[in-house]
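J.: Structure below; questions to follow.
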Amino acid sequence: MTTVEPNRVRVSLGERSYDILIGSGLLTRAAAHLKQAGLSRRGVIITDATVESLYAAPLQAALHAHGITTGLLAVPAGESSKSLRQAHRLLEQLPALGLDRKSFVMAVGGGMVGDLAGFVAGTYLRGLALVQVPTTLLAQVDSSVGGKTGVNLPQGKNLVGVFHQPRLVLADTDTLRSLPERELRAGFAEVIKYGAIYDADFFAWLERETAAALRLEPAAITRVVRRCCEIKGAVVSQDERESGLRGILNFGHTIGHAMEALADYTGLLHGEAVAMGMCAAAKLSVKRAGLPAGEAGRLERLIAASGLPTRLGQKYEMPALFEAMRLDKKAQAGQVRFVLLKRLGEALISDAVTEADVQEVVHECRG
Ligand SMILES: NC(=O)c1ccc[n+]([C@@H]2O[C@H](COP(=O)([O-])OP(=O)(O)OC[C@H]3O[C@@H](n4cnc5c(N)ncnc54)[C@H](O)[C@@H]3O)[C@@H](O)[C@H]2O)c1
Ligand SMILES: [Zn+2]
């Protein structure tokens, strides 16, 4: 049997640098990758109930067969588990597992698990090694890379957390096969985002290959995850703490987050909100950053071709929408910031967008 070498993307952060491995069959060979990364023989897998039922037993067995012992802790699936209550519950279960400072935490699941388990890893014994094993497209291209971890408060999302970079990321593209189609498409919004803000050639490639990637054809989906990780890794290497450049990753998120807040985080997936937010931000970019109208059209067509919404529903009304943007934690002193496109592949951060601009664009995006 031949083993195909996985794709390897290095995130350069000095002594905290790490590899992202991308490909098929990575879970089966996880033990070898853990050893190569210098991780110890004892750890804990943290997951959610859905992912546990799909992947936990074979993963634990594959690790055990190579002398790596893991405990297993699961929380209920869903965003409401990204809470201090669940973090507390998990932390209180760790002492009985006999972990020491050299042990690792393996986060196996989507972004919810990655953020929650990452927070636990970042705080228990003042920080244990973290292995991210993302199993949703969103987690493979976004949340597992970059070191942001945390939980929500009733007052808002991601209000409590720490930066804690993983020691290794294993993005096994086989796991995407069990993902509900709607979740897969939602993850694609972030994929399109990377092309739009950073790489016009990748954007043009997506225009040709999105259907193949959504069918999870191995070459296409591997290329998607790899290119997105390269871009996120490059951005994070330059601006780990989001004092500047990293902000461009919020393209489509200013309006997107506001819509999620108004929808009370129910019924609307994050990627769907970002898709609509990117369409609106592209229209703002035509007005305020000189994006050619034809390029805004291409972005909207790619979003539609991925089965994502491009039009804001009637329920997102001004001024409530603008007020929600002002309350977002990324707004600075009540000043709403927008990521705009100069052209496909090149983004800038602007404070110059007015409430009247947003009003006009929201009106244009209705229907
Ligand atoms: N840390 C960051 O930089 C960052 C970036 C973006 C998003 N996030 C966070 O990520 C979270 C959203 O992540 P998400 O969209 O992955 O949601 P999620 O983790 O809730 O997963 C979505 C659903 O898919 C299920 N699932 C996961 N993998 C599966 C698989 N392979 N097969 C079948 N079902 C599977 C989960 O059980 C869940 O029901 C949010 O909390 C968001 O704040 C963090
Ligand atoms: Zn996002």
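We name chains A, B, ... following the order of the structure tokens; residues begin at 1 in each chain, and ligands are numbered from 1 as shown.
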Pick out the residues sitting within 7 Å of Leu340 in chain A, and hand them over as an MDAnalysis selection string; count only C-alpha atoms, and ignore anything fewer than 2 positions along from it in its own chain.
T.: chainID A and resid 281:282 285 289 338 342 347:350
J.: Using DSSP on the backbone coordinates, identify all residues within range 28-241 of chain A classified as alpha helix (DSSP H); present the result as number ranges by chain.
T.: A: 30-36, 49-51, 57-64, 84-93, 111-123, 137-138, 181-198, 200-214, 218-238
J.: Ligand 1: which residues are within 8 Å, counting only C-alpha atoms and all ligand atoms? Reply as an MDAnalysis selection string.
T.: chainID A and resid 48:51 54 77:79 82 109:115 134:139 142:151 157:158 175:180 183 186:187 269:271
J.: Hey, which bits of range 113-220 of chain A sit within 12 Å of range 242-251 of chain A, and for each residue what's the closest pair of atoms and how far apart in Å (one decimal), counting only C-alpha atoms, rows by chain and increasing number, as a Markdown table?
T.:
| residue | atom | partner | partner_atom | distance |
| --- | --- | --- | --- | --- |
| A:Val141 | CA | A:Leu249 | CA | 11.8 |
| A:Asp142 | CA | A:Leu249 | CA | 9.5 |
| A:Ser143 | CA | A:Leu249 | CA | 11.5 |
| A:Gly146 | CA | A:Arg246 | CA | 9.9 |
| A:Gly147 | CA | A:Glu242 | CA | 11.3 |
| A:Lys148 | CA | A:Glu242 | CA | 10.4 |
| A:Phe163 | CA | A:Glu242 | CA | 11.0 |
| A:Ala189 | CA | A:Phe251 | CA | 10.6 |
| A:Glu190 | CA | A:Leu249 | CA | 8.9 |
| A:Val191 | CA | A:Leu249 | CA | 10.9 |
| A:Ile192 | CA | A:Phe251 | CA | 10.4 |
| A:Lys193 | CA | A:Phe251 | CA | 6.8 |
| A:Tyr194 | CA | A:Leu249 | CA | 7.6 |
| A:Gly195 | CA | A:Leu249 | CA | 10.9 |
| A:Ala196 | CA | A:Phe251 | CA | 8.7 |
| A:Ile197 | CA | A:Ile248 | CA | 7.0 |
| A:Tyr198 | CA | A:Ile248 | CA | 9.0 |
J.: Quick one: everything within 12 Å of Gly127 in chain A, counting only C-alpha atoms, minus sequence neighbours fewer than 3 positions away in the same chain. Send it as a PyMOL selection string.
T.: chain A and resi 91+99-105+117-124+130+162-167
J.: Suppose we keep C-alpha atoms; can you now write the selection as a PDB file, in the first residue's frame?
T.:
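Below is the file that was written, again24.pdb:
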ATOM      1  CA  LEU A  91     -11.675  21.591  33.466  1.00  0.00           C
ATOM      2  CA  LEU A  99      -2.551  14.725  32.770  1.00  0.00           C
ATOM      3  CA  ASP A 100       0.675  16.596  33.384  1.00  0.00           C
ATOM      4  CA  ARG A 101       2.269  19.672  31.822  1.00  0.00           C
ATOM      5  CA  LYS A 102       3.520  17.615  28.881  1.00  0.00           C
ATOM      6  CA  SER A 103       0.120  16.136  28.015  1.00  0.00           C
ATOM      7  CA  PHE A 104      -1.912  17.374  25.064  1.00  0.00           C
ATOM      8  CA  VAL A 105      -5.518  18.354  24.420  1.00  0.00           C
ATOM      9  CA  ALA A 117     -11.235  22.892  23.885  1.00  0.00           C
ATOM     10  CA  GLY A 118      -8.619  25.457  22.871  1.00  0.00           C
ATOM     11  CA  PHE A 119      -9.676  27.622  25.807  1.00  0.00           C
ATOM     12  CA  VAL A 120      -9.455  24.636  28.168  1.00  0.00           C
ATOM     13  CA  ALA A 121      -6.001  23.781  26.777  1.00  0.00           C
ATOM     14  CA  GLY A 122      -4.885  27.383  27.095  1.00  0.00           C
ATOM     15  CA  THR A 123      -5.859  27.648  30.756  1.00  0.00           C
ATOM     16  CA  TYR A 124      -5.429  24.202  32.397  1.00  0.00           C
ATOM     17  CA  LEU A 130      -3.197  21.803  21.706  1.00  0.00           C
ATOM     18  CA  VAL A 162      -7.060  33.518  25.294  1.00  0.00           C
ATOM     19  CA  PHE A 163      -4.671  33.367  22.380  1.00  0.00           C
ATOM     20  CA  HIS A 164      -3.292  29.835  22.374  1.00  0.00           C
ATOM     21  CA  GLN A 165      -1.694  28.595  19.168  1.00  0.00           C
ATOM     22  CA  PRO A 166      -2.007  24.880  18.371  1.00  0.00           C
ATOM     23  CA  ARG A 167       1.114  22.706  18.172  1.00  0.00           C
TER      24      ARG A 167
END
J.: Which distance in Å separates CA of Gln314 in chain A and CA of Val339 in chain A, to one decimal?
T.: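 The value is 23.8 Å.
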J.: Determine the nearest neighbour of Phe203 in chain A from the options A:Val236, A:Ala258, A:Leu321, A:Ile303, counting only C-alpha atoms.
T.: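 Going through A:Val236, A:Ala258, A:Leu321, A:Ile303 one by one, the smallest distance to Phe203 in chain A is for A:Ile303.
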